[in-house]
file input.txt (compact mmCIF, C-alpha atoms)
# COMPACT_ATOMS: atom_id res chain seq x y z
CA MET F 1 83.74 312.64 -115.30
CA GLU F 2 87.17 311.11 -115.96
CA PRO F 3 87.83 309.79 -119.52
CA THR F 4 88.59 306.34 -118.06
CA THR F 5 85.24 306.37 -116.17
CA LEU F 6 83.39 307.21 -119.39
CA ALA F 7 85.36 304.57 -121.32
CA TYR F 8 84.52 302.00 -118.61
CA ILE F 9 80.79 302.84 -118.83
CA ALA F 10 80.96 302.65 -122.66
CA GLY F 11 82.48 299.17 -122.36
CA PHE F 12 79.81 298.12 -119.86
CA LEU F 13 77.09 299.42 -122.21
CA ASP F 14 78.61 297.54 -125.18
CA GLY F 15 78.91 294.37 -123.11
CA ASP F 16 75.53 294.31 -121.45
CA GLY F 17 73.45 297.40 -122.09
CA SER F 18 71.00 298.70 -124.62
CA ILE F 19 69.76 301.84 -126.29
CA PHE F 20 66.27 301.80 -127.71
CA PHE F 21 63.42 303.93 -128.99
CA GLN F 22 59.77 303.03 -128.75
CA ILE F 23 56.79 304.61 -130.44
CA ILE F 24 54.14 304.86 -127.74
CA ARG F 25 50.49 305.17 -128.69
CA GLU F 26 48.28 307.30 -126.46
CA LYS F 27 44.76 307.20 -127.93
CA GLU F 28 45.08 308.92 -131.33
CA LYS F 29 48.50 310.38 -130.51
CA PHE F 30 51.97 308.93 -130.75
CA ARG F 31 55.10 309.88 -128.89
CA ILE F 32 58.64 308.60 -128.84
CA ARG F 33 60.26 307.17 -125.73
CA SER F 34 64.05 306.94 -125.71
CA SER F 35 65.85 304.66 -123.26
CA ILE F 36 69.37 303.77 -122.26
CA ALA F 37 69.54 300.74 -119.99
CA PHE F 38 72.21 298.76 -118.17
CA TYR F 39 71.51 295.26 -116.84
CA GLN F 40 73.07 293.10 -114.19
CA LYS F 41 72.20 290.18 -111.93
CA SER F 42 70.42 291.59 -108.86
CA ASN F 43 73.13 290.29 -106.52
CA ASN F 44 75.61 292.53 -108.38
CA SER F 45 73.34 295.54 -108.52
CA GLU F 46 75.75 297.89 -106.63
CA ILE F 47 77.32 298.53 -110.03
CA LEU F 48 73.93 299.94 -111.15
CA ASP F 49 73.81 302.16 -108.04
CA TRP F 50 77.28 303.40 -108.96
CA LEU F 51 76.15 304.15 -112.53
CA LYS F 52 73.11 306.04 -111.24
CA CYS F 53 75.40 308.13 -109.01
CA GLN F 54 77.59 308.98 -112.00
CA PHE F 55 74.70 310.35 -114.06
CA GLY F 56 72.42 311.52 -111.22
CA VAL F 57 69.26 310.59 -113.15
CA GLY F 58 67.14 307.54 -113.99
CA TYR F 59 65.84 304.66 -111.90
CA ILE F 60 66.80 301.13 -110.86
CA ARG F 61 64.36 298.21 -111.01
CA HIS F 62 64.86 294.78 -109.45
CA ARG F 63 62.98 292.18 -111.51
CA LYS F 64 61.62 288.92 -110.15
CA THR F 65 63.82 287.14 -112.71
CA GLY F 66 66.90 288.05 -110.63
CA ILE F 67 67.96 290.70 -113.13
CA SER F 68 68.12 294.40 -112.25
CA ASP F 69 68.28 297.31 -114.61
CA TYR F 70 69.27 300.96 -114.45
CA THR F 71 67.30 302.93 -117.02
CA VAL F 72 67.19 306.57 -118.12
CA VAL F 73 64.26 307.64 -120.30
CA ASP F 74 64.23 311.45 -120.12
CA SER F 75 65.20 312.34 -123.69
CA LYS F 76 67.41 315.32 -122.72
CA GLU F 77 69.29 313.13 -120.23
CA VAL F 78 69.63 310.26 -122.73
CA PHE F 79 71.06 312.81 -125.19
CA LYS F 80 73.62 314.02 -122.62
CA ILE F 81 74.69 310.46 -121.71
CA LEU F 82 75.07 309.38 -125.35
CA LYS F 83 77.16 312.52 -126.05
CA LEU F 84 79.44 311.66 -123.12
CA LEU F 85 79.88 308.02 -124.16
CA GLN F 86 80.12 308.61 -127.94
CA PRO F 87 83.96 308.89 -128.10
CA TYR F 88 84.42 305.53 -126.33
CA VAL F 89 81.62 303.29 -127.57
CA ARG F 90 82.64 300.63 -130.13
CA LEU F 91 79.97 297.98 -130.62
CA LYS F 92 77.06 300.41 -130.37
CA LYS F 93 78.69 303.24 -132.34
CA LYS F 94 75.89 303.25 -134.95
CA HIS F 95 73.22 303.15 -132.23
CA VAL F 96 74.76 306.17 -130.51
CA GLU F 97 75.09 308.18 -133.74
CA LEU F 98 71.57 307.46 -134.93
CA GLY F 99 70.19 307.90 -131.40
CA LEU F 100 71.75 311.35 -131.13
CA GLU F 101 70.30 312.27 -134.55
CA ILE F 102 66.79 311.23 -133.45
CA LEU F 103 67.06 313.04 -130.10
CA GLN F 104 68.40 316.20 -131.79
CA LYS F 105 65.44 316.17 -134.21
CA MET F 106 63.05 315.63 -131.28
CA GLN F 107 64.54 318.64 -129.47
CA ASN F 108 64.27 320.76 -132.65
CA LYS F 109 60.67 319.54 -133.10
CA ASP F 110 61.58 318.51 -136.65
CA ASN F 111 59.16 316.77 -139.02
CA PHE F 112 57.59 313.89 -137.06
CA GLY F 113 57.36 311.59 -140.09
CA GLU F 114 61.13 311.86 -140.56
CA ILE F 115 61.74 311.13 -136.86
CA TYR F 116 59.51 308.03 -136.96
CA ARG F 117 61.37 306.81 -140.04
CA LEU F 118 64.68 307.15 -138.14
CA VAL F 119 63.18 305.26 -135.16
CA ASP F 120 62.30 302.43 -137.56
CA LYS F 121 65.86 302.48 -138.91
CA PHE F 122 67.11 302.32 -135.31
CA LYS F 123 64.98 299.27 -134.61
CA ASP F 124 66.52 297.60 -137.65
CA ILE F 125 70.05 298.00 -136.26
CA ASN F 126 68.76 296.68 -132.90
CA TYR F 127 67.29 293.55 -134.62
CA SER F 128 64.13 294.12 -132.61
CA LYS F 129 61.51 291.40 -132.95
CA LYS F 130 59.10 293.11 -130.64
CA ARG F 131 58.34 296.04 -132.92
CA THR F 132 54.59 296.58 -132.99
CA ILE F 133 54.12 300.21 -134.06
CA THR F 134 56.14 301.05 -137.18
CA TYR F 135 56.37 304.13 -139.38
CA GLU F 136 53.76 302.48 -141.60
CA THR F 137 51.23 302.46 -138.76
CA VAL F 138 52.07 306.00 -137.71
CA SER F 139 52.00 307.39 -141.24
CA LYS F 140 48.27 306.71 -141.46
CA PHE F 141 47.77 309.25 -138.70
CA LEU F 142 50.17 311.89 -139.98
CA PRO F 143 49.00 314.93 -141.96
CA LEU F 144 49.82 314.53 -145.67
CA MET I 145 97.54 300.32 -124.57
CA GLU I 146 95.73 303.60 -123.80
CA PRO I 147 94.17 303.92 -120.31
CA THR I 148 90.74 304.55 -121.94
CA THR I 149 91.13 301.35 -124.02
CA LEU I 150 91.92 299.34 -120.88
CA ALA I 151 89.03 301.01 -119.01
CA TYR I 152 86.69 300.17 -121.91
CA ILE I 153 87.78 296.51 -121.87
CA ALA I 154 87.35 296.41 -118.05
CA GLY I 155 83.79 297.72 -118.48
CA PHE I 156 83.10 295.15 -121.20
CA LEU I 157 84.42 292.37 -118.94
CA ASP I 158 82.26 293.57 -116.02
CA GLY I 159 79.21 293.78 -118.27
CA ASP I 160 79.49 290.54 -120.14
CA GLY I 161 82.66 288.64 -119.43
CA SER I 162 83.98 286.12 -116.97
CA ILE I 163 87.10 284.97 -115.18
CA PHE I 164 87.21 281.40 -113.96
CA PHE I 165 89.46 278.62 -112.75
CA GLN I 166 88.84 274.93 -113.28
CA ILE I 167 90.51 271.96 -111.69
CA ILE I 168 91.10 269.53 -114.54
CA ARG I 169 91.61 265.84 -113.81
CA GLU I 170 94.00 263.95 -116.03
CA LYS I 171 94.03 260.34 -114.85
CA GLU I 172 95.55 260.50 -111.34
CA LYS I 173 96.82 264.05 -111.80
CA PHE I 174 95.13 267.41 -111.42
CA ARG I 175 95.96 270.72 -113.00
CA ILE I 176 94.44 274.17 -112.89
CA ARG I 177 93.10 275.89 -116.00
CA SER I 178 92.61 279.66 -115.77
CA SER I 179 90.34 281.45 -118.26
CA ILE I 180 89.28 284.97 -119.09
CA ALA I 181 86.39 285.08 -121.54
CA PHE I 182 84.35 287.75 -123.32
CA TYR I 183 80.99 286.90 -124.90
CA GLN I 184 78.88 288.48 -127.59
CA LYS I 185 76.17 287.57 -130.09
CA SER I 186 77.89 286.08 -133.14
CA ASN I 187 76.55 288.85 -135.39
CA ASN I 188 78.48 291.36 -133.26
CA SER I 189 81.63 289.27 -133.07
CA GLU I 190 83.90 291.95 -134.64
CA ILE I 191 84.25 293.33 -131.12
CA LEU I 192 85.81 289.99 -130.13
CA ASP I 193 88.22 290.22 -133.11
CA TRP I 194 89.14 293.69 -131.89
CA LEU I 195 89.76 292.38 -128.36
CA LYS I 196 91.94 289.55 -129.71
CA CYS I 197 93.98 292.14 -131.66
CA GLN I 198 94.51 294.17 -128.48
CA PHE I 199 95.95 291.25 -126.54
CA GLY I 200 97.45 289.23 -129.42
CA VAL I 201 96.63 285.90 -127.76
CA GLY I 202 93.68 283.53 -127.23
CA TYR I 203 91.03 282.20 -129.58
CA ILE I 204 87.50 282.97 -130.77
CA ARG I 205 84.74 280.35 -130.97
CA HIS I 206 81.39 280.73 -132.69
CA ARG I 207 78.81 278.55 -130.94
CA LYS I 208 75.73 277.07 -132.59
CA THR I 209 73.67 278.99 -130.02
CA GLY I 210 74.50 282.24 -131.84
CA ILE I 211 76.91 283.31 -129.11
CA SER I 212 80.63 283.76 -129.74
CA ASP I 213 83.39 283.97 -127.20
CA TYR I 214 86.95 285.19 -127.06
CA THR I 215 88.90 283.19 -124.50
CA VAL I 216 92.46 283.26 -123.17
CA VAL I 217 93.60 280.26 -121.12
CA ASP I 218 97.41 280.49 -121.06
CA SER I 219 98.03 281.27 -117.39
CA LYS I 220 100.89 283.74 -118.04
CA GLU I 221 98.73 285.63 -120.53
CA VAL I 222 95.71 285.63 -118.20
CA PHE I 223 98.01 287.05 -115.50
CA LYS I 224 99.18 289.86 -117.84
CA ILE I 225 95.61 290.74 -118.89
CA LEU I 226 94.31 290.80 -115.30
CA LYS I 227 97.23 293.04 -114.30
CA LEU I 228 96.39 295.46 -117.14
CA LEU I 229 92.67 295.59 -116.29
CA GLN I 230 93.02 295.61 -112.48
CA PRO I 231 93.02 299.43 -112.06
CA TYR I 232 89.75 299.81 -114.01
CA VAL I 233 87.62 296.78 -113.10
CA ARG I 234 84.77 297.48 -110.64
CA LEU I 235 82.29 294.60 -110.47
CA LYS I 236 84.92 291.88 -110.74
CA LYS I 237 87.51 293.57 -108.50
CA LYS I 238 87.55 290.60 -106.08
CA HIS I 239 87.80 288.11 -108.96
CA VAL I 240 90.80 289.94 -110.40
CA GLU I 241 92.59 290.21 -107.03
CA LEU I 242 92.05 286.57 -106.11
CA GLY I 243 92.78 285.45 -109.70
CA LEU I 244 96.14 287.25 -109.63
CA GLU I 245 96.95 285.65 -106.27
CA ILE I 246 96.23 282.16 -107.64
CA LEU I 247 98.22 282.77 -110.84
CA GLN I 248 101.14 284.18 -108.87
CA LYS I 249 101.20 281.09 -106.65
CA MET I 250 100.98 278.86 -109.75
CA GLN I 251 104.01 280.66 -111.26
CA ASN I 252 105.94 280.32 -107.99
CA LYS I 253 104.94 276.63 -107.84
CA ASP I 254 103.65 277.24 -104.31
CA ASN I 255 101.94 274.57 -102.22
CA PHE I 256 99.29 272.93 -104.43
CA GLY I 257 96.85 272.37 -101.58
CA GLU I 258 96.83 276.10 -100.87
CA ILE I 259 96.27 276.90 -104.56
CA TYR I 260 93.35 274.47 -104.80
CA ARG I 261 91.82 276.02 -101.70
CA LEU I 262 92.04 279.47 -103.37
CA VAL I 263 90.45 278.05 -106.53
CA ASP I 264 87.55 276.81 -104.38
CA LYS I 265 87.26 280.28 -102.83
CA PHE I 266 87.24 281.78 -106.33
CA LYS I 267 84.41 279.49 -107.36
CA ASP I 268 82.45 280.70 -104.34
CA ILE I 269 82.65 284.34 -105.48
CA ASN I 270 81.63 283.20 -109.00
CA TYR I 271 78.55 281.41 -107.57
CA SER I 272 79.45 278.44 -109.77
CA LYS I 273 76.94 275.60 -109.71
CA LYS I 274 78.98 273.47 -112.08
CA ARG I 275 81.81 272.75 -109.65
CA THR I 276 82.58 269.07 -109.77
CA ILE I 277 86.15 268.77 -108.53
CA THR I 278 86.67 270.62 -105.23
CA TYR I 279 89.58 270.91 -102.84
CA GLU I 280 88.00 268.05 -100.91
CA THR I 281 88.31 265.73 -103.95
CA VAL I 282 91.84 266.86 -104.69
CA SER I 283 93.05 266.63 -101.09
CA LYS I 284 92.62 262.86 -101.17
CA PHE I 285 95.36 262.73 -103.79
CA LEU I 286 97.72 265.21 -102.17
CA PRO I 287 100.72 264.11 -100.12
CA LEU I 288 100.08 264.65 -96.39
call {"tool": "encode", "arguments": {"input": "input.txt", "output": "structure tokens"}}
result
Amino acid sequence: MEPTTLAYIAGFLDGDGSIFFQIIREKEKFRIRSSIAFYQKSNNSEILDWLKCQFGVGYIRHRKTGISDYTVVDSKEVFKILKLLQPYVRLKKKHVELGLEILQKMQNKDNFGEIYRLVDKFKDINYSKKRTITYETVSKFLPL
Amino acid sequence: MEPTTLAYIAGFLDGDGSIFFQIIREKEKFRIRSSIAFYQKSNNSEILDWLKCQFGVGYIRHRKTGISDYTVVDSKEVFKILKLLQPYVRLKKKHVELGLEILQKMQNKDNFGEIYRLVDKFKDINYSKKRTITYETVSKFLPL
């Protein structure tokens, strides 16, 4: 991809996109879901089709609210996209750096407790109010 | 400015910015105000400071709603900015083209009726619901 295409996408992400990590509970197990998402009014959603073509992964959803999103959740793909955008992102620089650290540790199957702690830290920089499962919850289930 | 910087700003504008024209009534006279604006949550407003540094014009406002904006209204400056971003903009390509046409006609002091008609056309592509003064209103005051 051209540097100006990547810089454009980085600007679009900074303007109206998001990067987030969620701790998903499946019975007694937890897993981490990473996401990179771009939003736009549904009547402008060709720009999301264009983004999907650029990366060749992910899916587009058209919400009843009139907002559409293009989202990638596969952690290896999210890693690749963040690596590509890293040199050009400004507003979400910290998100990209910390996101790459988390995804790298997930790929290396590093200590889960440490990864969950980083996910909590990520949520702090995202000012998330929706956080339900924190490291504190997870730690009760982790081996000592 | 670097091509990747311009491409980044074009992406930011497409993601979360706007270009608009307003017909302003001053007693029995009308004039056209052009604006290019970038928005962001006030706690991320450094990105707006950075944008202002890049262009060296315009002003930043911090709204009580927690949203800040960086806006340029001087028509010559708006023209320059649109010219710089034109090669990189995707979603707002039509806005930029039509905006440049209007601003060019304003600079040339072309037929006002024609300019007002283009401003109306611009509002149509912006899906503006706030339009109060249209070409129809203005035409009553124009010489035949």
call {"tool": "closest_atom_pairs", "arguments": {"input": "input.txt", "of": "chain I", "to": "chain F", "cutoff": "8 Å", "atoms": "only C-alpha atoms", "output": "JSON lines"}}
result
{"residue": "I:Pro147", "atom": "CA", "partner": "F:Thr4", "partner_atom": "CA", "distance": 6.5}
{"residue": "I:Thr148", "atom": "CA", "partner": "F:Thr4", "partner_atom": "CA", "distance": 4.8}
{"residue": "I:Thr149", "atom": "CA", "partner": "F:Ala7", "partner_atom": "CA", "distance": 7.1}
{"residue": "I:Ala151", "atom": "CA", "partner": "F:Tyr8", "partner_atom": "CA", "distance": 4.6}
{"residue": "I:Tyr152", "atom": "CA", "partner": "F:Gly11", "partner_atom": "CA", "distance": 4.4}
{"residue": "I:Ile153", "atom": "CA", "partner": "F:Gly11", "partner_atom": "CA", "distance": 6.0}
{"residue": "I:Ala154", "atom": "CA", "partner": "F:Tyr8", "partner_atom": "CA", "distance": 6.3}
{"residue": "I:Gly155", "atom": "CA", "partner": "F:Phe12", "partner_atom": "CA", "distance": 4.2}
{"residue": "I:Phe156", "atom": "CA", "partner": "F:Gly11", "partner_atom": "CA", "distance": 4.2}
{"residue": "I:Leu157", "atom": "CA", "partner": "F:Gly15", "partner_atom": "CA", "distance": 7.2}
{"residue": "I:Asp158", "atom": "CA", "partner": "F:Phe12", "partner_atom": "CA", "distance": 6.4}
{"residue": "I:Gly159", "atom": "CA", "partner": "F:Phe12", "partner_atom": "CA", "distance": 4.7}
{"residue": "I:Asp160", "atom": "CA", "partner": "F:Gly15", "partner_atom": "CA", "distance": 4.9}
{"residue": "I:Gly161", "atom": "CA", "partner": "F:Gly15", "partner_atom": "CA", "distance": 7.8}
{"residue": "I:Tyr183", "atom": "CA", "partner": "F:Gly15", "partner_atom": "CA", "distance": 8.0}
{"residue": "I:Gln184", "atom": "CA", "partner": "F:Gly15", "partner_atom": "CA", "distance": 7.4}
{"residue": "I:Asn188", "atom": "CA", "partner": "F:Leu91", "partner_atom": "CA", "distance": 7.3}
{"residue": "I:Ile191", "atom": "CA", "partner": "F:Leu91", "partner_atom": "CA", "distance": 6.3}
{"residue": "I:Tyr232", "atom": "CA", "partner": "F:Tyr8", "partner_atom": "CA", "distance": 7.3}
{"residue": "I:Arg234", "atom": "CA", "partner": "F:Ile47", "partner_atom": "CA", "distance": 7.5}
{"residue": "I:Leu235", "atom": "CA", "partner": "F:Ile47", "partner_atom": "CA", "distance": 6.4}
call {"tool": "residues_around", "arguments": {"input": "input.txt", "residues": "Val240 in chain I", "least_positions_apart": "6", "cutoff": "12 Å", "atoms": "only C-alpha atoms", "output": "PDB file with C-alpha atoms, in the coordinates of the input"}}
result
ATOM      1  CA  ALA I 154      87.350 296.410-118.050  1.00  0.00           C
ATOM      2  CA  LEU I 157      84.420 292.370-118.940  1.00  0.00           C
ATOM      3  CA  ASP I 158      82.260 293.570-116.020  1.00  0.00           C
ATOM      4  CA  SER I 162      83.980 286.120-116.970  1.00  0.00           C
ATOM      5  CA  ILE I 163      87.100 284.970-115.180  1.00  0.00           C
ATOM      6  CA  PHE I 164      87.210 281.400-113.960  1.00  0.00           C
ATOM      7  CA  PHE I 165      89.460 278.620-112.750  1.00  0.00           C
ATOM      8  CA  SER I 178      92.610 279.660-115.770  1.00  0.00           C
ATOM      9  CA  SER I 179      90.340 281.450-118.260  1.00  0.00           C
ATOM     10  CA  ILE I 180      89.280 284.970-119.090  1.00  0.00           C
ATOM     11  CA  VAL I 222      95.710 285.630-118.200  1.00  0.00           C
ATOM     12  CA  PHE I 223      98.010 287.050-115.500  1.00  0.00           C
ATOM     13  CA  LYS I 224      99.180 289.860-117.840  1.00  0.00           C
ATOM     14  CA  ILE I 225      95.610 290.740-118.890  1.00  0.00           C
ATOM     15  CA  LEU I 226      94.310 290.800-115.300  1.00  0.00           C
ATOM     16  CA  LYS I 227      97.230 293.040-114.300  1.00  0.00           C
ATOM     17  CA  LEU I 228      96.390 295.460-117.140  1.00  0.00           C
ATOM     18  CA  LEU I 229      92.670 295.590-116.290  1.00  0.00           C
ATOM     19  CA  GLN I 230      93.020 295.610-112.480  1.00  0.00           C
ATOM     20  CA  PRO I 231      93.020 299.430-112.060  1.00  0.00           C
ATOM     21  CA  TYR I 232      89.750 299.810-114.010  1.00  0.00           C
ATOM     22  CA  VAL I 233      87.620 296.780-113.100  1.00  0.00           C
ATOM     23  CA  ARG I 234      84.770 297.480-110.640  1.00  0.00           C
ATOM     24  CA  ILE I 246      96.230 282.160-107.640  1.00  0.00           C
ATOM     25  CA  LEU I 247      98.220 282.770-110.840  1.00  0.00           C
ATOM     26  CA  GLN I 248     101.140 284.180-108.870  1.00  0.00           C
ATOM     27  CA  PHE I 266      87.240 281.780-106.330  1.00  0.00           C
ATOM     28  CA  ILE I 269      82.650 284.340-105.480  1.00  0.00           C
ATOM     29  CA  ASN I 270      81.630 283.200-109.000  1.00  0.00           C
TER      30      ASN I 270
END
call {"tool": "atom_distance", "arguments": {"input": "input.txt", "atom1": "CA of Asp218 in chain I", "atom2": "CA of Gly202 in chain I"}}
result
7.8 Å
call {"tool": "residues_around", "arguments": {"input": "input.txt", "residues": "Ile167 in chain I", "least_positions_apart": "4", "cutoff": "7 Å", "atoms": "all atoms listed in the file", "output": "PyMOL selection string"}}
result
chain I and resi 174-177+277
call {"tool": "atom_distance", "arguments": {"input": "input.txt", "atom1": "CA of Ala37 in chain F", "atom2": "CA of Thr71 in chain F"}}
result
4.3 Å
call {"tool": "atom_distance", "arguments": {"input": "input.txt", "atom1": "CA of Val72 in chain F", "atom2": "CA of Leu51 in chain F"}}
result
10.8 Å
call {"tool": "residues_near_point", "arguments": {"input": "input.txt", "point": "(70.3, 292.0, -104.6)", "cutoff": "10 Å", "atoms": "all atoms listed in the file", "output": "PyMOL selection string"}}
result
chain F and resi 41-46+62+66-68
